[in-house]
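Participant: upload.txt is reproduced in full below (compact mmCIF, C-alpha atoms).
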```txt
# COMPACT_ATOMS: atom_id res chain seq x y z
CA MET A 1 75.63 22.29 -5.10
CA SER A 2 73.89 24.66 -2.65
CA ASN A 3 70.15 24.21 -2.30
CA TYR A 4 69.91 26.82 0.49
CA TRP A 5 68.77 24.33 3.12
CA ASP A 6 68.65 25.46 6.74
CA TYR A 7 66.88 24.16 9.83
CA ILE A 8 64.99 25.07 12.99
CA ALA A 9 65.40 22.79 16.04
CA GLU A 10 62.85 22.65 18.84
CA PHE A 11 63.23 21.16 22.35
CA LYS A 12 60.15 20.69 24.54
CA ASN A 13 59.57 18.77 27.77
CA ASP A 14 56.37 17.17 26.46
CA ILE A 15 56.16 15.18 23.21
CA ASP A 16 52.64 16.42 22.43
CA GLU A 17 53.78 20.02 22.86
CA LEU A 18 56.77 19.32 20.62
CA LEU A 19 54.65 17.76 17.87
CA GLU A 20 52.36 20.79 17.90
CA LYS A 21 55.36 23.12 17.67
CA ILE A 22 56.74 21.17 14.70
CA ARG A 23 53.32 21.39 13.05
CA GLN A 24 53.30 25.17 13.56
CA ARG A 25 56.83 25.57 12.19
CA THR A 26 55.96 23.44 9.17
CA ASP A 27 52.87 25.50 8.43
CA GLU A 28 54.77 28.78 8.76
CA LEU A 29 57.61 27.65 6.49
CA SER A 30 55.29 26.14 3.88
CA ARG A 31 53.23 29.33 3.72
CA ALA A 32 56.50 31.15 3.05
CA ASN A 33 56.92 28.86 -0.01
CA HIS A 34 59.41 26.39 1.42
CA HIS A 35 59.62 22.62 1.15
CA ILE A 36 60.23 20.90 4.48
CA ILE A 37 61.75 17.68 5.83
CA ALA A 38 61.13 17.03 9.53
CA ALA A 39 62.08 14.52 12.22
CA VAL A 40 61.21 14.01 15.90
CA ALA A 41 62.59 11.98 18.84
CA ASP A 42 61.66 11.52 22.50
CA GLU A 43 63.97 10.66 25.39
CA LYS A 44 62.78 9.76 28.89
CA GLU A 45 63.67 12.29 31.60
CA ASN A 46 65.00 14.69 28.95
CA PRO A 47 63.33 17.05 26.49
CA ALA A 48 61.76 15.70 23.33
CA LYS A 49 63.42 17.19 20.29
CA GLY A 50 62.49 17.88 16.73
CA VAL A 51 64.00 19.51 13.68
CA VAL A 52 62.55 21.00 10.51
CA PHE A 53 64.85 21.42 7.51
CA TYR A 54 63.58 23.81 4.87
CA ALA A 55 64.56 25.23 1.49
CA PRO A 56 62.86 27.51 -1.05
CA ALA A 57 60.36 25.60 -3.16
CA ASN A 58 61.39 25.42 -6.81
CA GLN A 59 59.13 23.96 -9.45
CA GLY A 60 61.03 21.68 -11.78
CA ASN A 61 62.31 18.19 -12.23
CA ILE A 62 62.01 17.24 -8.58
CA GLN A 63 60.65 13.73 -8.70
CA LYS A 64 59.16 12.11 -5.64
CA ASN A 65 59.03 8.59 -7.04
CA ASN A 66 62.66 7.68 -6.53
CA ALA A 67 65.16 4.84 -6.52
CA GLY A 68 68.81 4.11 -5.88
CA TRP A 69 68.45 5.06 -2.22
CA GLN A 70 71.53 5.87 -0.16
CA LYS A 71 71.70 6.69 3.54
CA LEU A 72 73.79 8.96 5.70
CA TYR A 73 73.68 7.56 9.26
CA ILE A 74 75.12 9.69 12.08
CA GLU A 75 75.23 8.87 15.78
CA ALA A 76 76.36 10.97 18.72
CA LYS A 77 76.06 11.16 22.50
CA PRO A 78 74.93 14.71 23.27
CA LYS A 79 73.41 15.31 26.69
CA GLY A 80 69.63 15.39 26.74
CA ASP A 81 69.10 19.15 26.94
CA ASP A 82 72.29 20.32 25.20
CA GLN A 83 70.77 21.85 22.09
CA ALA A 84 74.11 23.25 20.90
CA ALA A 85 75.59 19.74 20.89
CA TYR A 86 72.64 18.34 18.93
CA ASN A 87 73.07 21.12 16.41
CA THR A 88 76.80 20.56 15.99
CA GLU A 89 76.91 16.77 16.11
CA LEU A 90 73.72 15.95 14.19
CA PHE A 91 71.73 18.75 12.57
CA ASP A 92 74.59 20.79 11.07
CA LYS A 93 75.91 17.65 9.37
CA ILE A 94 72.54 16.93 7.77
CA ARG A 95 72.27 20.53 6.55
CA ASN A 96 75.71 20.25 4.96
CA LYS A 97 74.71 17.01 3.25
CA LEU A 98 71.44 18.39 1.92
CA ASN A 99 73.29 21.37 0.46
CA SER A 100 75.77 19.05 -1.28
CA LEU A 101 73.04 17.06 -3.05
CA SER A 102 71.32 17.88 -6.32
CA PRO A 103 67.88 19.47 -5.93
CA SER A 104 66.07 16.26 -6.93
CA GLU A 105 68.08 14.21 -4.43
CA ALA A 106 67.54 16.69 -1.61
CA PHE A 107 63.84 17.31 -2.19
CA GLY A 108 63.18 13.58 -2.41
CA ALA A 109 65.00 12.84 0.87
CA LYS A 110 63.54 11.41 4.07
CA LEU A 111 64.85 12.08 7.57
CA LEU A 112 64.64 10.07 10.81
CA LEU A 113 65.77 11.00 14.35
CA SER A 114 66.11 8.80 17.44
CA ASP A 115 67.23 9.24 21.03
CA SER A 116 67.56 6.81 23.92
CA LYS A 117 67.92 7.55 27.62
CA GLY A 118 71.56 7.62 28.67
CA GLY A 119 72.60 6.41 25.25
CA LYS A 120 73.12 7.61 21.73
CA ALA A 121 71.11 9.88 19.50
CA THR A 122 71.01 9.14 15.77
CA ILE A 123 69.90 10.91 12.65
CA THR A 124 69.57 9.22 9.26
CA LEU A 125 69.07 10.89 5.90
CA PHE A 126 67.80 8.65 3.10
CA TYR A 127 68.18 10.22 -0.34
CA PRO A 128 67.52 8.97 -3.89
CA THR A 129 70.15 8.94 -6.62
CA THR A 130 67.98 7.85 -9.58
CA HIS A 131 64.35 8.15 -10.58
CA ILE A 132 61.74 5.74 -11.87
CA LYS A 133 59.37 7.02 -14.53
CA LEU A 134 56.04 5.26 -14.32
CA PRO A 135 54.28 4.33 -17.55
CA VAL A 136 51.11 6.25 -18.32
CA ILE A 137 48.17 3.85 -18.18
CA LYS A 138 45.01 4.79 -20.06
CA PRO A 139 42.39 4.58 -18.81
CA PRO A 140 43.89 5.05 -15.31
CA ILE A 141 43.37 2.20 -12.89
CA PRO A 142 42.78 2.60 -9.13
CA LEU A 143 45.93 2.40 -7.07
CA PRO A 144 46.23 -0.36 -4.46
CA ALA A 145 45.92 0.46 -0.77
CA TRP A 146 48.74 1.62 1.49
CA LEU A 147 50.61 -1.25 3.12
CA TYR A 148 53.34 -1.34 5.74
CA THR A 149 56.23 -3.44 7.01
CA CYS A 150 57.66 -3.03 10.50
CA TYR A 151 61.04 -4.04 11.90
CA PHE A 152 62.01 -4.83 15.48
CA GLU A 153 65.76 -5.09 15.99
CA PRO A 154 68.21 -4.89 18.90
CA TYR A 155 69.89 -1.75 17.61
CA ILE A 156 68.79 1.33 15.71
CA GLU A 157 71.51 0.96 13.06
CA ASN A 158 70.00 -2.44 12.15
CA VAL A 159 66.62 -0.77 11.64
CA ALA A 160 68.18 1.95 9.46
CA ASP A 161 69.76 -0.75 7.27
CA LYS A 162 66.43 -2.60 6.97
CA LEU A 163 64.60 0.58 5.99
CA ASN A 164 67.20 1.46 3.37
CA SER A 165 66.90 -2.03 1.87
CA ALA A 166 63.10 -1.74 1.89
CA LEU A 167 63.25 1.57 0.02
CA ASN A 168 65.40 -0.03 -2.67
CA LEU A 169 63.10 -3.05 -2.97
CA SER A 170 59.85 -1.10 -3.09
CA GLY A 171 59.90 -0.52 -6.83
CA PRO A 172 57.68 2.21 -8.33
CA SER A 173 55.98 3.29 -5.13
CA PHE A 174 55.94 6.20 -2.72
CA SER A 175 57.06 5.57 0.87
CA LEU A 176 56.76 7.11 4.31
CA LEU A 177 59.01 5.78 7.05
CA ALA A 178 59.99 6.31 10.68
CA TYR A 179 62.12 4.75 13.41
CA SER A 180 62.69 4.98 17.17
CA ASP A 181 65.12 3.72 19.79
CA GLU A 182 63.51 2.85 23.11
CA ASP A 183 66.47 2.18 25.39
CA GLY A 184 69.47 1.39 23.21
CA SER A 185 68.52 -2.25 22.71
CA ASP A 186 64.89 -2.18 21.55
CA ALA A 187 64.69 -0.31 18.25
CA LYS A 188 61.84 -0.40 15.80
CA GLY A 189 60.95 1.05 12.44
CA VAL A 190 58.07 1.11 9.98
CA ILE A 191 57.76 1.82 6.26
CA TYR A 192 54.47 2.49 4.47
CA ASN A 193 54.25 2.05 0.69
CA LYS A 194 51.67 2.89 -1.93
CA LEU A 195 52.44 1.10 -5.16
CA GLY A 196 52.18 3.29 -8.26
CA LEU A 197 51.80 6.59 -6.41
CA SER A 198 53.98 9.15 -8.14
CA ASN A 199 54.25 12.87 -8.69
CA PRO A 200 56.83 13.58 -11.43
CA GLU A 201 57.16 17.22 -10.43
CA LEU A 202 56.83 18.40 -6.87
CA ALA A 203 54.86 21.45 -7.95
CA HIS A 204 53.00 22.18 -4.72
CA VAL A 205 53.59 23.30 -1.15
CA GLY A 206 51.38 22.36 1.77
CA HIS A 207 49.06 24.63 3.76
CA ALA A 208 46.93 24.13 6.86
CA TRP A 209 49.08 21.30 8.22
CA ALA A 210 47.44 18.83 10.59
CA LEU A 211 48.51 15.95 12.84
CA LYS A 212 47.12 12.46 13.28
CA THR A 213 48.69 11.19 16.52
CA TYR A 214 48.35 7.90 18.40
CA SER A 215 50.03 6.70 21.58
CA SER A 216 50.51 3.37 23.30
CA LYS A 217 52.01 1.93 26.47
CA ALA A 218 53.51 -0.86 24.36
CA GLY A 219 57.09 -1.64 25.24
CA GLY A 220 60.03 -3.72 24.10
CA ARG A 221 59.19 -6.07 21.26
CA ASP A 222 55.44 -6.41 21.67
CA GLN A 223 54.82 -6.31 17.94
CA ALA A 224 51.12 -7.16 18.17
CA THR A 225 50.39 -4.14 20.36
CA TYR A 226 52.53 -1.74 18.33
CA LYS A 227 50.69 -2.85 15.21
CA ALA A 228 47.19 -2.64 16.69
CA GLU A 229 47.62 0.62 18.59
CA LEU A 230 50.00 2.52 16.30
CA PHE A 231 50.85 1.15 12.86
CA ASP A 232 47.38 -0.09 11.82
CA LYS A 233 45.80 3.24 12.77
CA ILE A 234 48.19 5.20 10.58
CA LYS A 235 47.51 2.80 7.70
CA THR A 236 43.79 3.52 8.03
CA ASP A 237 44.49 7.27 7.94
CA LEU A 238 46.74 6.98 4.90
CA ASN A 239 44.05 5.10 3.01
CA SER A 240 41.49 7.82 3.81
CA LEU A 241 43.51 10.96 2.97
CA PRO A 242 44.10 12.55 -0.46
CA GLU A 243 47.04 10.92 -2.24
CA GLN A 244 48.60 14.14 -3.54
CA HIS A 245 48.59 15.64 -0.04
CA LEU A 246 50.45 12.63 1.32
CA LEU A 247 53.32 13.20 -1.11
CA LEU A 248 54.30 16.07 1.20
CA ALA A 249 53.57 14.25 4.50
CA GLN A 250 56.05 13.47 7.27
CA LEU A 251 55.91 10.47 9.62
CA PHE A 252 57.28 10.36 13.19
CA LEU A 253 57.76 7.43 15.58
CA THR A 254 58.95 7.97 19.15
CA ASP A 255 59.45 5.56 22.02
CA ARG A 256 60.59 6.04 25.60
CA SER A 257 61.94 3.45 27.99
CA GLU A 258 59.03 2.41 30.24
CA GLY A 259 56.95 5.24 28.79
CA ARG A 260 54.66 6.11 25.91
CA ALA A 261 55.27 5.24 22.29
CA HIS A 262 53.88 7.70 19.74
CA ILE A 263 53.27 7.66 16.02
CA ALA A 264 52.29 10.86 14.25
CA LEU A 265 51.40 11.71 10.67
CA LEU A 266 51.98 15.36 9.73
CA TYR A 267 50.20 16.26 6.49
CA PRO A 268 48.82 19.31 4.65
CA GLN A 269 45.07 19.70 4.44
CA GLU A 270 45.56 21.97 1.43
CA ILE A 271 48.13 22.03 -1.36
CA ARG A 272 48.87 25.07 -3.50
CA PRO A 273 51.00 25.55 -6.62
CA ILE A 274 54.48 26.92 -6.13
```
Could you rewrite the structure in this file as structure tokens?
Facilitator:
Amino acid sequence: MSNYWDYIAEFKNDIDELLEKIRQRTDELSRANHHIIAAVADEKENPAKGVVFYAPANQGNIQKNNAGWQKLYIEAKPKGDDQAAYNTELFDKIRNKLNSLSPSEAFGAKLLLSDSKGGKATITLFYPTTHIKLPVIKPPIPLPAWLYTCYFEPYIENVADKLNSALNLSGPSFSLLAYSDEDGSDAKGVIYNKLGLSNPELAHVGHAWALKTYSSKAGGRDQATYKAELFDKIKTDLNSLPEQHLLLAQLFLTDRSEGRAHIALLYPQEIRPI
């Protein structure tokens, strides 16, 4: 089933420059009435890379509160600045998969990208196969706060497995997740959940996209520093931003061997009906 997904890939020498370019691309595509799914990775001594997949926004039974999560995990060894190889070995395959899914599966999907110096690059698409309908509670009760769980594993494929399991155990909640691969043997991931947050129909596109970005010199498996300098700060932001805007948000985690780790939340400051 074709959903008319395509993508734009960006390669920049500086991660901050790349994040800003991805923000610009997201804003342009959203203003043209597209839904977007984005991912970012950073690799020491090679360009940082990002990709934005986009498809025309269609109002309908596109449910963001999803279940029955499956993953498509792809790894490759393209050279750091070989954009054609990244396209062929990673991004083209994700585009083909998105266009084979039903609209509700594709529009509910989440995408993660990693790259490690001298090692492999990976891309993982998580997509839902069923939907959970939340009961209507009257009068409505306040939703609990955003919470997160982080994973530190030797290999990125272990993190992808943990994140997929977490999605399937999260019940009726909405999730944002990200992963990174520092040097091929120090991978980490994080998943944020808000219990009860649901939007039965994805009836909006984002405008005026903004970034919340934090960096750290944390390395290896220093979980306390990653939490204090990266993960806790994003949790604070999530709990302060409008819930409906966050249903369209994207989360990025990057890590470089002996370099900076970044976490970035890309979110719309405005939402408009399709």
Participant: Quick one: of A:Leu230, A:Ala203, A:Ala187, A:Leu177, who's nearest to Ser257 of chain A, counting all atoms listed in the file?
Facilitator: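 Of A:Leu230, A:Ala203, A:Ala187, A:Leu177, the one nearest Ser257 of chain A is A:Ala187, counting all atoms listed in the file.
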Participant: Dump as a Markdown table the rows for residues of segment 76-149 of chain A within 7 Å of segment 179-184 of chain A: closest atom pair and distance in Å with one decimal, all atoms listed in the file counted, ordered by chain and rising residue number.
Facilitator:
```
| residue | atom | partner | partner_atom | distance |
| --- | --- | --- | --- | --- |
| A:Leu112 | CA | A:Tyr179 | CA | 6.4 |
| A:Ser114 | CA | A:Ser180 | CA | 5.1 |
| A:Asp115 | CA | A:Asp181 | CA | 6.0 |
| A:Ser116 | CA | A:Asp183 | CA | 5.0 |
| A:Lys117 | CA | A:Asp183 | CA | 6.0 |
| A:Gly119 | CA | A:Gly184 | CA | 6.3 |
```
Participant: Determine the nearest neighbour of Ala249 of chain A from the options A:Pro47, A:Pro128, A:Gly108, A:Pro154, counting all atoms listed in the file.
Facilitator: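 Comparing A:Pro47, A:Pro128, A:Gly108, A:Pro154 against Ala249 of chain A, the winner is A:Gly108.
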Participant: Please identify all polymer residues within 8 Å of Gln250 of chain A, counting all atoms listed in the file, omitting same-chain residues fewer than 3 positions from it, and present them as a list in words.
Facilitator: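 Contacts, in chain order: Ile37, Ala38, Ala39, Leu176, Leu265, Leu266 and Tyr267 of chain A.
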Participant: Go ahead and find all residues with at least one atom no further than 10 Å from (58.8, 18.0, 18.1) in the file's coordinates, using only C-alpha atoms; report them as an NGL selection string.
Facilitator: :A and (9-23 or 25 or 38-42 or 47-52 or 252)
Participant: In Å to one decimal, how far is atom CA of Thr122 of chain A from atom CA of Ser165 of chain A?
Facilitator: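 Atom CA of Thr122 of chain A lies at a distance of 18.3 Å from atom CA of Ser165 of chain A.
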Participant: May I have the residues within 8 Å of Ala261 of chain A as a ChimeraX atom specification, using only C-alpha atoms and disregarding those fewer than 2 positions away in the same chain?
Facilitator: /A:215-219,253-256,259,263
Participant: Could you jot down the atom CA of Lys188 of chain A to atom CA of Tyr151 of chain A separation for me, Å, one decimal place?
Facilitator: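 A separation of 5.4 Å between them.
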Participant: Report the distance between atom CA of Leu90 of chain A and atom CA of Leu247 of chain A in Å, rounded to one decimal place.
Facilitator: 25.6 Å
Participant: List as a list in words the residues having at least one atom at most 7 Å from position (75.1, 13.9, 20.7) as given in the file, counting all atoms listed in the file.
Facilitator: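 Result, sorted by chain then residue number: Ala76, Lys77, Pro78, Lys79, Ala85, Tyr86, Glu89, Leu90, Lys120 and Ala121 of chain A.
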Participant: Keeping only C-alpha atoms, take the residues you just selected and write them out as a PDB file, in the frame of the given file.
Facilitator:
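Final output, out_23.pdb:
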```pdb
ATOM      1  CA  ALA A  76      76.360  10.970  18.720  1.00  0.00           C
ATOM      2  CA  LYS A  77      76.060  11.160  22.500  1.00  0.00           C
ATOM      3  CA  PRO A  78      74.930  14.710  23.270  1.00  0.00           C
ATOM      4  CA  LYS A  79      73.410  15.310  26.690  1.00  0.00           C
ATOM      5  CA  ALA A  85      75.590  19.740  20.890  1.00  0.00           C
ATOM      6  CA  TYR A  86      72.640  18.340  18.930  1.00  0.00           C
ATOM      7  CA  GLU A  89      76.910  16.770  16.110  1.00  0.00           C
ATOM      8  CA  LEU A  90      73.720  15.950  14.190  1.00  0.00           C
ATOM      9  CA  LYS A 120      73.120   7.610  21.730  1.00  0.00           C
ATOM     10  CA  ALA A 121      71.110   9.880  19.500  1.00  0.00           C
TER      11      ALA A 121
END
```
Participant: Go through A:Thr88, A:Ser175, A:Gln83, A:Asn96 one by one, measure the shortest atom-to-atom distance of each to Thr149 of chain A using all atoms listed in the file, and give the residue with the smallest value.
Facilitator: A:Ser175
